[in-house]
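S.K.: My structure is stored as query12.pdb, with PDB, C-alpha atoms and all ligand atoms.
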ATOM      1  CA  MET S   1     -29.654  37.133  -4.583  1.00  0.00           C
ATOM      2  CA  LEU S   2     -28.017  38.358  -7.759  1.00  0.00           C
ATOM      3  CA  ASN S   3     -28.849  36.126 -10.693  1.00  0.00           C
ATOM      4  CA  GLU S   4     -25.157  35.825 -11.593  1.00  0.00           C
ATOM      5  CA  ILE S   5     -24.332  34.697  -8.054  1.00  0.00           C
ATOM      6  CA  GLU S   6     -26.984  31.993  -8.291  1.00  0.00           C
ATOM      7  CA  ILE S   7     -25.433  30.810 -11.559  1.00  0.00           C
ATOM      8  CA  LEU S   8     -21.904  30.988 -10.112  1.00  0.00           C
ATOM      9  CA  LEU S   9     -23.002  28.877  -7.138  1.00  0.00           C
ATOM     10  CA  LYS S  10     -24.324  26.217  -9.506  1.00  0.00           C
ATOM     11  CA  VAL S  11     -21.071  26.266 -11.496  1.00  0.00           C
ATOM     12  CA  GLN S  12     -19.056  26.108  -8.287  1.00  0.00           C
ATOM     13  CA  GLU S  13     -21.048  23.149  -7.004  1.00  0.00           C
ATOM     14  CA  LYS S  14     -20.154  21.250 -10.180  1.00  0.00           C
ATOM     15  CA  ASP S  15     -16.507  22.355 -10.042  1.00  0.00           C
ATOM     16  CA  LEU S  16     -16.090  21.249  -6.424  1.00  0.00           C
ATOM     17  CA  ARG S  17     -17.608  17.883  -7.256  1.00  0.00           C
ATOM     18  CA  ILE S  18     -15.262  17.546 -10.260  1.00  0.00           C
ATOM     19  CA  MET S  19     -12.279  18.406  -8.036  1.00  0.00           C
ATOM     20  CA  ALA S  20     -13.289  15.774  -5.471  1.00  0.00           C
ATOM     21  CA  LEU S  21     -13.701  13.193  -8.252  1.00  0.00           C
ATOM     22  CA  ALA S  22     -10.337  14.107  -9.784  1.00  0.00           C
ATOM     23  CA  TYR S  23      -8.747  13.605  -6.363  1.00  0.00           C
ATOM     24  CA  ARG S  24     -10.181  10.088  -6.205  1.00  0.00           C
ATOM     25  CA  LEU S  25      -8.896   9.396  -9.724  1.00  0.00           C
ATOM     26  CA  LYS S  26      -5.445  10.341  -8.475  1.00  0.00           C
ATOM     27  CA  LYS S  27      -5.755   8.303  -5.272  1.00  0.00           C
ATOM     28  CA  ASN S  28      -6.923   5.047  -6.879  1.00  0.00           C
ATOM     29  CA  PRO S  29      -3.528   4.103  -8.430  1.00  0.00           C
ATOM     30  CA  GLU S  30      -1.899   4.717  -5.039  1.00  0.00           C
ATOM     31  CA  ILE S  31      -4.302   2.223  -3.418  1.00  0.00           C
ATOM     32  CA  VAL S  32      -3.492  -0.328  -6.138  1.00  0.00           C
ATOM     33  CA  ASN S  33       0.252   0.313  -5.705  1.00  0.00           C
ATOM     34  CA  LYS S  34      -0.022  -0.295  -1.963  1.00  0.00           C
ATOM     35  CA  ALA S  35      -1.734  -3.616  -2.613  1.00  0.00           C
ATOM     36  CA  GLY S  36       1.088  -4.429  -5.046  1.00  0.00           C
ATOM     37  CA  ASP S  37       3.683  -3.600  -2.391  1.00  0.00           C
ATOM     38  CA  ARG S  38       1.948  -5.876   0.100  1.00  0.00           C
ATOM     39  CA  LEU S  39       2.047  -8.729  -2.436  1.00  0.00           C
ATOM     40  CA  LYS S  40       5.757  -8.133  -3.078  1.00  0.00           C
ATOM     41  CA  GLU S  41       6.442  -8.151   0.679  1.00  0.00           C
ATOM     42  CA  ALA S  42       4.526 -11.412   1.109  1.00  0.00           C
ATOM     43  CA  GLU S  43       6.352 -13.020  -1.824  1.00  0.00           C
ATOM     44  CA  ASN S  44       9.760 -11.903  -0.533  1.00  0.00           C
ATOM     45  CA  ALA S  45       9.052 -13.250   2.959  1.00  0.00           C
ATOM     46  CA  LEU S  46       7.968 -16.544   1.400  1.00  0.00           C
ATOM     47  CA  LYS S  47      11.094 -16.730  -0.773  1.00  0.00           C
ATOM     48  CA  ASP S  48      13.346 -16.108   2.257  1.00  0.00           C
ATOM     49  CA  LYS S  49      11.759 -18.987   4.163  1.00  0.00           C
ATOM     50  CA  GLU S  50      11.902 -21.295   1.144  1.00  0.00           C
ATOM     51  CA  ASP S  51      15.611 -20.515   0.770  1.00  0.00           C
ATOM     52  CA  MET S  52      16.091 -21.265   4.462  1.00  0.00           C
ATOM     53  CA  LEU S  53      14.288 -24.604   4.098  1.00  0.00           C
ATOM     54  CA  ARG S  54      16.435 -25.593   1.095  1.00  0.00           C
ATOM     55  CA  LYS S  55      19.569 -24.738   3.073  1.00  0.00           C
ATOM     56  CA  LEU S  56      18.392 -26.887   5.982  1.00  0.00           C
ATOM     57  CA  GLN S  57      17.624 -29.773   3.620  1.00  0.00           C
ATOM     58  CA  VAL S  58      21.119 -29.571   2.105  1.00  0.00           C
ATOM     59  CA  GLU S  59      22.596 -29.594   5.616  1.00  0.00           C
ATOM     60  CA  ARG S  60      20.552 -32.655   6.500  1.00  0.00           C
ATOM     61  CA  LYS S  61      21.632 -34.452   3.326  1.00  0.00           C
ATOM     62  CA  ASN S  62      25.274 -33.724   4.189  1.00  0.00           C
ATOM     63  CA  SER S  63      24.744 -35.089   7.695  1.00  0.00           C
ATOM     64  CA  GLU S  64      23.211 -38.255   6.267  1.00  0.00           C
ATOM     65  CA  ILE S  65      26.252 -38.695   4.008  1.00  0.00           C
ATOM     66  CA  GLN S  66      28.580 -38.211   6.980  1.00  0.00           C
ATOM     67  CA  VAL S  67      26.665 -40.783   9.064  1.00  0.00           C
ATOM     68  CA  GLU S  68      26.740 -43.246   6.176  1.00  0.00           C
ATOM     69  CA  SER S  69      30.465 -42.787   5.628  1.00  0.00           C
ATOM     70  CA  ASN S  70      31.195 -43.202   9.340  1.00  0.00           C
ATOM     71  CA  ASN S  71      29.060 -46.352   9.420  1.00  0.00           C
ATOM     72  CA  GLU S  72      31.029 -47.722   6.469  1.00  0.00           C
ATOM     73  CA  LYS S  73      34.265 -46.984   8.328  1.00  0.00           C
ATOM     74  CA  ILE S  74      32.892 -48.785  11.408  1.00  0.00           C
ATOM     75  CA  ALA S  75      31.919 -51.836   9.315  1.00  0.00           C
ATOM     76  CA  LYS S  76      35.420 -51.929   7.804  1.00  0.00           C
ATOM     77  CA  LEU S  77      37.039 -51.630  11.239  1.00  0.00           C
ATOM     78  CA  ASP S  78      34.729 -54.340  12.586  1.00  0.00           C
ATOM     79  CA  SER S  79      35.823 -56.787   9.928  1.00  0.00           C
ATOM     80  CA  GLN S  80      39.495 -55.825  10.529  1.00  0.00           C
ATOM     81  CA  ALA S  81      39.037 -56.446  14.255  1.00  0.00           C
ATOM     82  CA  GLY S  82      37.821 -59.977  13.478  1.00  0.00           C
ATOM     83  CA  SER S  83      41.148 -60.922  11.924  1.00  0.00           C
ATOM     84  CA  VAL S  84      43.442 -59.103  14.365  1.00  0.00           C
ATOM     85  CA  ARG S  85      45.408 -61.338  16.676  1.00  0.00           C
ATOM     86  CA  ASP S  86      47.215 -58.988  19.047  1.00  0.00           C
ATOM     87  CA  ASN S  87      45.358 -57.284  21.839  1.00  0.00           C
ATOM     88  CA  LYS S  88      46.892 -53.820  21.423  1.00  0.00           C
ATOM     89  CA  THR S  89      45.804 -53.446  17.792  1.00  0.00           C
ATOM     90  CA  TYR S  90      42.365 -54.864  18.651  1.00  0.00           C
ATOM     91  CA  LYS S  91      41.961 -52.250  21.432  1.00  0.00           C
ATOM     92  CA  ALA S  92      43.071 -49.445  19.084  1.00  0.00           C
ATOM     93  CA  ILE S  93      40.457 -50.498  16.514  1.00  0.00           C
ATOM     94  CA  GLN S  94      37.743 -50.679  19.176  1.00  0.00           C
ATOM     95  CA  ASN S  95      38.673 -47.153  20.359  1.00  0.00           C
ATOM     96  CA  GLU S  96      38.488 -45.879  16.832  1.00  0.00           C
ATOM     97  CA  ILE S  97      35.033 -47.466  16.459  1.00  0.00           C
ATOM     98  CA  LEU S  98      33.882 -45.831  19.722  1.00  0.00           C
ATOM     99  CA  ASP S  99      35.184 -42.514  18.507  1.00  0.00           C
ATOM    100  CA  LEU S 100      33.278 -42.862  15.212  1.00  0.00           C
ATOM    101  CA  LYS S 101      30.094 -43.856  17.058  1.00  0.00           C
ATOM    102  CA  ALA S 102      30.391 -40.762  19.265  1.00  0.00           C
ATOM    103  CA  ARG S 103      30.798 -38.632  16.143  1.00  0.00           C
ATOM    104  CA  ILE S 104      27.683 -40.229  14.598  1.00  0.00           C
ATOM    105  CA  SER S 105      25.739 -39.544  17.766  1.00  0.00           C
ATOM    106  CA  LEU S 106      26.699 -35.851  17.599  1.00  0.00           C
ATOM    107  CA  ILE S 107      25.710 -35.661  13.931  1.00  0.00           C
ATOM    108  CA  GLU S 108      22.377 -37.336  14.735  1.00  0.00           C
ATOM    109  CA  ASP S 109      21.692 -34.710  17.427  1.00  0.00           C
ATOM    110  CA  THR S 110      22.266 -32.007  14.821  1.00  0.00           C
ATOM    111  CA  MET S 111      19.977 -33.862  12.422  1.00  0.00           C
ATOM    112  CA  LEU S 112      17.228 -33.942  15.032  1.00  0.00           C
ATOM    113  CA  GLU S 113      17.535 -30.208  15.563  1.00  0.00           C
ATOM    114  CA  ASN S 114      17.561 -29.756  11.808  1.00  0.00           C
ATOM    115  CA  MET S 115      14.335 -31.780  11.466  1.00  0.00           C
ATOM    116  CA  GLU S 116      12.599 -29.729  14.138  1.00  0.00           C
ATOM    117  CA  LYS S 117      13.728 -26.538  12.424  1.00  0.00           C
ATOM    118  CA  CYS S 118      12.502 -27.898   9.056  1.00  0.00           C
ATOM    119  CA  ASP S 119       9.061 -28.568  10.553  1.00  0.00           C
ATOM    120  CA  GLU S 120       8.958 -25.077  11.999  1.00  0.00           C
ATOM    121  CA  VAL S 121      10.040 -23.397   8.750  1.00  0.00           C
ATOM    122  CA  GLY S 122       7.684 -25.646   6.792  1.00  0.00           C
ATOM    123  CA  ALA S 123       4.748 -24.414   8.884  1.00  0.00           C
ATOM    124  CA  GLN S 124       5.858 -20.812   8.389  1.00  0.00           C
ATOM    125  CA  ILE S 125       6.060 -21.397   4.636  1.00  0.00           C
ATOM    126  CA  LYS S 126       2.509 -22.734   4.646  1.00  0.00           C
ATOM    127  CA  ASP S 127       1.292 -19.560   6.407  1.00  0.00           C
ATOM    128  CA  LEU S 128       3.283 -17.278   4.130  1.00  0.00           C
ATOM    129  CA  ARG S 129       2.029 -19.064   1.024  1.00  0.00           C
ATOM    130  CA  GLU S 130      -1.540 -18.476   2.199  1.00  0.00           C
ATOM    131  CA  LYS S 131      -0.695 -14.828   2.888  1.00  0.00           C
ATOM    132  CA  ALA S 132       0.790 -14.430  -0.602  1.00  0.00           C
ATOM    133  CA  VAL S 133      -2.347 -15.972  -2.131  1.00  0.00           C
ATOM    134  CA  GLN S 134      -4.516 -13.559  -0.150  1.00  0.00           C
ATOM    135  CA  ALA S 135      -2.331 -10.589  -1.106  1.00  0.00           C
ATOM    136  CA  LYS S 136      -2.569 -11.553  -4.775  1.00  0.00           C
ATOM    137  CA  LYS S 137      -6.326 -11.823  -4.484  1.00  0.00           C
ATOM    138  CA  ALA S 138      -6.498  -8.435  -2.753  1.00  0.00           C
ATOM    139  CA  LEU S 139      -4.400  -6.867  -5.516  1.00  0.00           C
ATOM    140  CA  GLY S 140      -6.673  -8.296  -8.205  1.00  0.00           C
ATOM    141  CA  GLU S 141      -9.755  -7.019  -6.403  1.00  0.00           C
ATOM    142  CA  SER S 142      -8.185  -3.636  -5.876  1.00  0.00           C
ATOM    143  CA  GLU S 143      -7.315  -3.362  -9.577  1.00  0.00           C
ATOM    144  CA  THR S 144     -10.809  -4.370 -10.660  1.00  0.00           C
ATOM    145  CA  ARG S 145     -12.404  -1.984  -8.199  1.00  0.00           C
ATOM    146  CA  ALA S 146     -10.164   0.902  -9.242  1.00  0.00           C
ATOM    147  CA  LYS S 147     -10.824   0.282 -12.937  1.00  0.00           C
ATOM    148  CA  LYS S 148     -14.590   0.189 -12.449  1.00  0.00           C
ATOM    149  CA  GLU S 149     -14.567   3.232 -10.194  1.00  0.00           C
ATOM    150  CA  ASN S 150     -12.345   5.189 -12.568  1.00  0.00           C
ATOM    151  CA  GLU S 151     -14.724   4.517 -15.443  1.00  0.00           C
ATOM    152  CA  GLU S 152     -17.649   5.712 -13.331  1.00  0.00           C
ATOM    153  CA  ILE S 153     -15.756   8.796 -12.196  1.00  0.00           C
ATOM    154  CA  GLU S 154     -14.646   9.686 -15.713  1.00  0.00           C
ATOM    155  CA  LYS S 155     -18.204   9.414 -16.937  1.00  0.00           C
ATOM    156  CA  GLU S 156     -19.515  11.559 -14.085  1.00  0.00           C
ATOM    157  CA  ILE S 157     -16.848  14.209 -14.738  1.00  0.00           C
ATOM    158  CA  LYS S 158     -17.761  14.291 -18.416  1.00  0.00           C
ATOM    159  CA  ASP S 159     -21.457  14.727 -17.582  1.00  0.00           C
ATOM    160  CA  LEU S 160     -20.697  17.459 -15.048  1.00  0.00           C
ATOM    161  CA  GLU S 161     -18.448  19.288 -17.515  1.00  0.00           C
ATOM    162  CA  SER S 162     -21.130  19.415 -20.189  1.00  0.00           C
ATOM    163  CA  LEU S 163     -23.767  20.531 -17.668  1.00  0.00           C
ATOM    164  CA  LYS S 164     -21.379  23.213 -16.474  1.00  0.00           C
ATOM    165  CA  THR S 165     -20.688  24.466 -19.998  1.00  0.00           C
ATOM    166  CA  GLU S 166     -24.423  24.974 -20.493  1.00  0.00           C
ATOM    167  CA  ILE S 167     -24.842  26.890 -17.215  1.00  0.00           C
ATOM    168  CA  GLU S 168     -21.755  29.027 -17.809  1.00  0.00           C
ATOM    169  CA  LYS S 169     -23.261  30.420 -21.009  1.00  0.00           C
ATOM    170  CA  ASN S 170     -25.467  32.571 -18.778  1.00  0.00           C
ATOM    171  CA  LEU S 171     -22.512  34.364 -17.198  1.00  0.00           C
ATOM    172  CA  ARG S 172     -20.683  37.443 -18.433  1.00  0.00           C
ATOM    173  CA  PRO S 173     -17.261  36.337 -19.744  1.00  0.00           C
ATOM    174  CA  GLU S 174     -15.387  38.661 -17.396  1.00  0.00           C
ATOM    175  CA  ILE S 175     -17.222  37.259 -14.361  1.00  0.00           C
ATOM    176  CA  LEU S 176     -16.578  33.718 -15.519  1.00  0.00           C
ATOM    177  CA  SER S 177     -12.875  34.344 -16.006  1.00  0.00           C
ATOM    178  CA  GLN S 178     -12.662  36.068 -12.619  1.00  0.00           C
ATOM    179  CA  TYR S 179     -14.274  33.007 -11.064  1.00  0.00           C
ATOM    180  CA  ARG S 180     -11.981  30.615 -12.987  1.00  0.00           C
ATOM    181  CA  ARG S 181      -8.853  32.498 -11.896  1.00  0.00           C
ATOM    182  CA  LEU S 182      -9.941  32.374  -8.265  1.00  0.00           C
ATOM    183  CA  LEU S 183     -10.787  28.686  -8.428  1.00  0.00           C
ATOM    184  CA  ASN S 184      -7.460  27.798 -10.050  1.00  0.00           C
ATOM    185  CA  ASN S 185      -5.695  29.801  -7.431  1.00  0.00           C
ATOM    186  CA  LYS S 186      -7.505  28.592  -4.300  1.00  0.00           C
ATOM    187  CA  LYS S 187      -8.656  25.115  -5.394  1.00  0.00           C
ATOM    188  CA  ASP S 188     -11.495  25.592  -2.945  1.00  0.00           C
ATOM    189  CA  THR S 189     -14.815  27.395  -2.498  1.00  0.00           C
ATOM    190  CA  VAL S 190     -14.482  30.869  -4.030  1.00  0.00           C
ATOM    191  CA  VAL S 191     -18.085  32.109  -4.054  1.00  0.00           C
ATOM    192  CA  VAL S 192     -18.897  32.539  -0.372  1.00  0.00           C
ATOM    193  CA  PRO S 193     -21.548  34.185   1.788  1.00  0.00           C
ATOM    194  CA  SER S 194     -20.775  36.973   4.221  1.00  0.00           C
ATOM    195  CA  LYS S 195     -21.197  35.803   7.781  1.00  0.00           C
ATOM    196  CA  ASN S 196     -21.753  38.234  10.677  1.00  0.00           C
ATOM    197  CA  GLY S 197     -19.923  40.973   8.818  1.00  0.00           C
ATOM    198  CA  SER S 198     -17.031  38.718   7.836  1.00  0.00           C
ATOM    199  CA  CYS S 199     -15.998  36.917   4.670  1.00  0.00           C
ATOM    200  CA  GLY S 200     -17.209  33.293   4.676  1.00  0.00           C
ATOM    201  CA  GLY S 201     -13.950  32.212   3.018  1.00  0.00           C
ATOM    202  CA  CYS S 202     -11.134  33.875   4.967  1.00  0.00           C
ATOM    203  CA  PHE S 203     -13.211  35.085   7.960  1.00  0.00           C
ATOM    204  CA  MET S 204     -11.728  38.607   7.826  1.00  0.00           C
ATOM    205  CA  SER S 205     -14.068  41.478   8.767  1.00  0.00           C
ATOM    206  CA  LEU S 206     -15.659  43.271   5.849  1.00  0.00           C
ATOM    207  CA  THR S 207     -15.692  47.086   5.636  1.00  0.00           C
ATOM    208  CA  PRO S 208     -19.052  48.870   6.130  1.00  0.00           C
ATOM    209  CA  GLN S 209     -18.918  50.007   2.486  1.00  0.00           C
ATOM    210  CA  CYS S 210     -18.429  46.442   1.356  1.00  0.00           C
ATOM    211  CA  ILE S 211     -21.356  45.284   3.484  1.00  0.00           C
ATOM    212  CA  MET S 212     -23.516  48.057   2.056  1.00  0.00           C
ATOM    213  CA  LYS S 213     -22.675  47.041  -1.500  1.00  0.00           C
ATOM    214  CA  LEU S 214     -23.395  43.439  -0.646  1.00  0.00           C
ATOM    215  CA  LYS S 215     -26.728  44.239   0.947  1.00  0.00           C
ATOM    216  CA  SER S 216     -27.857  46.289  -2.050  1.00  0.00           C
ATOM    217  CA  GLU S 217     -27.272  43.222  -4.267  1.00  0.00           C
ATOM    218  CA  MET S 218     -26.596  45.389  -7.306  1.00  0.00           C
ATOM    219  CA  GLN S 219     -23.147  44.200  -8.285  1.00  0.00           C
ATOM    220  CA  ILE S 220     -20.538  41.501  -7.789  1.00  0.00           C
ATOM    221  CA  VAL S 221     -18.556  42.234  -4.608  1.00  0.00           C
ATOM    222  CA  THR S 222     -15.245  40.616  -3.700  1.00  0.00           C
ATOM    223  CA  CYS S 223     -13.470  40.254  -0.358  1.00  0.00           C
ATOM    224  CA  GLU S 224     -10.632  42.737  -0.032  1.00  0.00           C
ATOM    225  CA  SER S 225      -8.488  40.204   1.847  1.00  0.00           C
ATOM    226  CA  CYS S 226      -8.874  37.006  -0.194  1.00  0.00           C
ATOM    227  CA  GLN S 227     -10.597  38.239  -3.379  1.00  0.00           C
ATOM    228  CA  ARG S 228     -13.338  35.635  -3.097  1.00  0.00           C
ATOM    229  CA  ILE S 229     -16.693  36.555  -4.625  1.00  0.00           C
ATOM    230  CA  LEU S 230     -19.131  37.395  -1.843  1.00  0.00           C
ATOM    231  CA  TYR S 231     -22.897  37.306  -1.592  1.00  0.00           C
ATOM    232  CA  TRP S 232     -25.301  38.522   1.021  1.00  0.00           C
ATOM    233  CA  GLU S 233     -26.931  35.896   3.145  1.00  0.00           C
ATOM    234  CA  SER S 234     -29.495  37.280   5.550  1.00  0.00           C
TER     235      SER S 234
HETATM  236 ZN    ZN W   1     -12.080  36.756   2.259  1.00  0.00          ZN
END
Show the structure stored in the file as structure tokens.
Ligand SMILES: [Zn+2]
M.R.:
Amino acid sequence: MLNEIEILLKVQEKDLRIMALAYRLKKNPEIVNKAGDRLKEAENALKDKEDMLRKLQVERKNSEIQVESNNEKIAKLDSQAGSVRDNKTYKAIQNEILDLKARISLIEDTMLENMEKCDEVGAQIKDLREKAVQAKKALGESETRAKKENEEIEKEIKDLESLKTEIEKNLRPEILSQYRRLLNNKKDTVVVPSKNGSCGGCFMSLTPQCIMKLKSEMQIVTCESCQRILYWES
């Protein structure tokens, strides 16, 4: 194998690793953001249920006030009835009392339903609170993990870059810039072996002249279709 190809393969190995690491650096904030979204969702769901519970409690309070006021009316009517002498008025008061009692009974039914609903929503709130706590914990963990991983990745990239700079010194500048251009362009493997008479990058057939040049291992040969740098692999 050409010495320059061997060097290029070493440089490429480092570059591909750097690219993979850079991708993870880019992905980590997205993972943290997703955890943040999940926390927001959990907190919103909790807030909705808490609002619902407050509304139910206000409704119950109003019902209690209505029952109390109706009871007061009944007490007043009761004492009036005690001093009434004629039968007709007495009957009218009793009817009014019955009517108020029926109203109270209806309100009490609503209050019972309200209490059941409050219990139900209360249980949901308990679940949602737990979920929000878990989501907050997950976000914290995700942030810590991402921070630690990013530091490790940045250090590894720095080490790889300096190693690469050393290796690259052994390449002709024109070959290095040809390689750089290709890598920037393809963001993928650009120094590839020939495989069964085809380019190992784009899989197009190579011309017999190209194969001959490759086999002789005297110069850098590129694929006519994709411009990748080829090497002979027997
Ligand atoms: Zn090709």
S.K.: Take the PyMOL selection byres (((chain S and resi 70) around 12) and not hetatm), apply it to the structure above, and return the hits as an mmCIF file with C-alpha atoms, keeping the file's coordinate frame.
M.R.:
data_model
loop_
_atom_site.group_PDB
_atom_site.id
_atom_site.type_symbol
_atom_site.label_atom_id
_atom_site.label_comp_id
_atom_site.auth_asym_id
_atom_site.auth_seq_id
_atom_site.Cartn_x
_atom_site.Cartn_y
_atom_site.Cartn_z
ATOM 1 C CA SER S 63 24.744 -35.089 7.695
ATOM 2 C CA GLU S 64 23.211 -38.255 6.267
ATOM 3 C CA ILE S 65 26.252 -38.695 4.008
ATOM 4 C CA GLN S 66 28.580 -38.211 6.980
ATOM 5 C CA VAL S 67 26.665 -40.783 9.064
ATOM 6 C CA GLU S 68 26.740 -43.246 6.176
ATOM 7 C CA SER S 69 30.465 -42.787 5.628
ATOM 8 C CA ASN S 71 29.060 -46.352 9.420
ATOM 9 C CA GLU S 72 31.029 -47.722 6.469
ATOM 10 C CA LYS S 73 34.265 -46.984 8.328
ATOM 11 C CA ILE S 74 32.892 -48.785 11.408
ATOM 12 C CA ALA S 75 31.919 -51.836 9.315
ATOM 13 C CA LYS S 76 35.420 -51.929 7.804
ATOM 14 C CA LEU S 77 37.039 -51.630 11.239
ATOM 15 C CA GLU S 96 38.488 -45.879 16.832
ATOM 16 C CA ILE S 97 35.033 -47.466 16.459
ATOM 17 C CA LEU S 98 33.882 -45.831 19.722
ATOM 18 C CA ASP S 99 35.184 -42.514 18.507
ATOM 19 C CA LEU S 100 33.278 -42.862 15.212
ATOM 20 C CA LYS S 101 30.094 -43.856 17.058
ATOM 21 C CA ALA S 102 30.391 -40.762 19.265
ATOM 22 C CA ARG S 103 30.798 -38.632 16.143
ATOM 23 C CA ILE S 104 27.683 -40.229 14.598
ATOM 24 C CA SER S 105 25.739 -39.544 17.766
ATOM 25 C CA LEU S 106 26.699 -35.851 17.599
ATOM 26 C CA ILE S 107 25.710 -35.661 13.931
ATOM 27 C CA GLU S 108 22.377 -37.336 14.735
#
S.K.: If you measure from atom CA of Glu233 of chain S to atom CA of Lys195 of chain S, what distance in Å do you get, rounded to one decimal?
M.R.: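 These two atoms are separated by 7.4 Å.
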S.K.: Report as a list in words the residues that result from applying the PyMOL selection byres (((chain S and resi 202-215) around 8) and not hetatm) to the structure here.
M.R.: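 Selected by the PyMOL selection byres (((chain S and resi 202-215) around 8) and not hetatm) here: Gly197, Ser198, Cys199, Gly200, Gly201, Ser216, Glu217, Met218, Gln219, Ile220, Val221, Cys223, Glu224, Ser225, Cys226, Leu230, Tyr231 and Trp232 of chain S.
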S.K.: Rounded to one decimal place, report the atom CA of Ile157 of chain S-atom CA of Leu21 of chain S distance in Å.
M.R.: 7.3 Å
S.K.: So what does the PyMOL selection byres (((chain S and resi 134-139) around 7) and not hetatm) actually pick up in this one, as a ChimeraX atom specification?
M.R.: /S:32,35-36,38-39,130-133,140-143
S.K.: Find the residue from S:Ala92, S:Leu16, S:Ile31, S:Ile229 that sits nearest to Leu176 of chain S; use all atoms listed in the file when measuring.
M.R.: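 For Leu176 of chain S, the nearest of the candidates is S:Ile229.
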S.K.: For the atom pair atom CA of Asn44 of chain S and atom CA of Glu30 of chain S, what is the interatomic distance in Å to one decimal place?
M.R.: 20.8 Å
S.K.: Of the candidates S:Leu112, S:Val191, S:Leu171, S:Cys118, which one gets nearest to ligand ZN 1 (chain W) if we count all atoms listed in the file?
M.R.: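 The answer is S:Val191, which sits nearest to ligand ZN 1 (chain W).
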S.K.: Would you please work out which residue, of S:Lys10, S:Leu183, S:Ala123, S:Met111, is nearest to Lys61 of chain S when using all atoms listed in the file?
M.R.: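 Looking at the shortest contact to Lys61 of chain S, the residue is S:Met111.
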S.K.: Skip Val121 of chain S itself and residues of its chain fewer than 4 positions away, then list as a count of residues only all residues within 9 Å of it, counting all atoms listed in the file.
M.R.: 8
S.K.: Have a look at S:Leu8, S:Arg145, S:Lys91, S:Thr110 and name the one nearest to Ile175 of chain S; count only C-alpha atoms.
M.R.: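 Ranked by minimum distance to Ile175 of chain S, first place goes to S:Leu8.
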S.K.: Would you please work out which residue, of S:Lys186, S:Lys169, S:Lys34, S:Lys147, is nearest to ligand ZN 1 (chain W) when using only C-alpha atoms and all ligand atoms?
M.R.: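 Among S:Lys186, S:Lys169, S:Lys34, S:Lys147, it is S:Lys186 that comes nearest to ligand ZN 1 (chain W).
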S.K.: Show which residues sit within 12 Å of Pro173 of chain S, as a list in words. Count all atoms listed in the file, and ignore same-chain residues fewer than 6 positions away.
M.R.: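 Within the cut-off, the hits are Glu4, Leu8, Tyr179 and Arg180 of chain S.
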S.K.: With 4 Å of padding per side, what axis-aligned box (centre and edge lengths, Å, one decimal) covers all the listed atoms of segment 15-24 of chain S? Give it as AutoDock Vina command-line options.
M.R.:
--center_x -13.2 --center_y 16.2 --center_z -7.9 --size_x 16.9 --size_y 20.3 --size_z 12.8
S.K.: Pick from S:Glu151, S:Lys40, S:Thr222, S:Asn170: nearest to Pro193 of chain S, with all atoms listed in the file counted?
M.R.: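 Of S:Glu151, S:Lys40, S:Thr222, S:Asn170, the one nearest Pro193 of chain S, counting all atoms listed in the file, is S:Thr222.
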S.K.: With N, CA and C atoms as the target, complete segment 49-60 of chain S and hand it back as a PDB file, in the frame of the given file.
M.R.:
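Listed below is the output, part-v7.pdb:
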ATOM      1  N   LYS S  49      11.973 -17.749   3.392  1.00  0.00           N
ATOM      2  CA  LYS S  49      11.759 -18.987   4.163  1.00  0.00           C
ATOM      3  C   LYS S  49      12.015 -20.215   3.296  1.00  0.00           C
ATOM      4  N   GLU S  50      11.660 -20.152   2.034  1.00  0.00           N
ATOM      5  CA  GLU S  50      11.902 -21.295   1.144  1.00  0.00           C
ATOM      6  C   GLU S  50      13.413 -21.524   0.961  1.00  0.00           C
ATOM      7  N   ASP S  51      14.146 -20.415   0.859  1.00  0.00           N
ATOM      8  CA  ASP S  51      15.611 -20.515   0.770  1.00  0.00           C
ATOM      9  C   ASP S  51      16.167 -21.166   2.029  1.00  0.00           C
ATOM     10  N   MET S  52      15.629 -20.726   3.182  1.00  0.00           N
ATOM     11  CA  MET S  52      16.091 -21.265   4.462  1.00  0.00           C
ATOM     12  C   MET S  52      15.825 -22.765   4.537  1.00  0.00           C
ATOM     13  N   LEU S  53      14.637 -23.175   4.065  1.00  0.00           N
ATOM     14  CA  LEU S  53      14.288 -24.604   4.098  1.00  0.00           C
ATOM     15  C   LEU S  53      15.226 -25.404   3.197  1.00  0.00           C
ATOM     16  N   ARG S  54      15.513 -24.884   2.009  1.00  0.00           N
ATOM     17  CA  ARG S  54      16.435 -25.593   1.095  1.00  0.00           C
ATOM     18  C   ARG S  54      17.810 -25.768   1.738  1.00  0.00           C
ATOM     19  N   LYS S  55      18.268 -24.691   2.413  1.00  0.00           N
ATOM     20  CA  LYS S  55      19.569 -24.738   3.073  1.00  0.00           C
ATOM     21  C   LYS S  55      19.570 -25.825   4.163  1.00  0.00           C
ATOM     22  N   LEU S  56      18.512 -25.873   4.927  1.00  0.00           N
ATOM     23  CA  LEU S  56      18.392 -26.887   5.982  1.00  0.00           C
ATOM     24  C   LEU S  56      18.379 -28.293   5.388  1.00  0.00           C
ATOM     25  N   GLN S  57      17.700 -28.452   4.255  1.00  0.00           N
ATOM     26  CA  GLN S  57      17.624 -29.773   3.620  1.00  0.00           C
ATOM     27  C   GLN S  57      18.999 -30.224   3.097  1.00  0.00           C
ATOM     28  N   VAL S  58      19.762 -29.246   2.569  1.00  0.00           N
ATOM     29  CA  VAL S  58      21.119 -29.571   2.105  1.00  0.00           C
ATOM     30  C   VAL S  58      21.977 -30.000   3.302  1.00  0.00           C
ATOM     31  N   GLU S  59      21.834 -29.250   4.405  1.00  0.00           N
ATOM     32  CA  GLU S  59      22.596 -29.594   5.616  1.00  0.00           C
ATOM     33  C   GLU S  59      22.261 -31.009   6.096  1.00  0.00           C
ATOM     34  N   ARG S  60      20.973 -31.322   6.041  1.00  0.00           N
ATOM     35  CA  ARG S  60      20.552 -32.655   6.500  1.00  0.00           C
ATOM     36  C   ARG S  60      21.127 -33.749   5.598  1.00  0.00           C
TER      37      ARG S  60
END
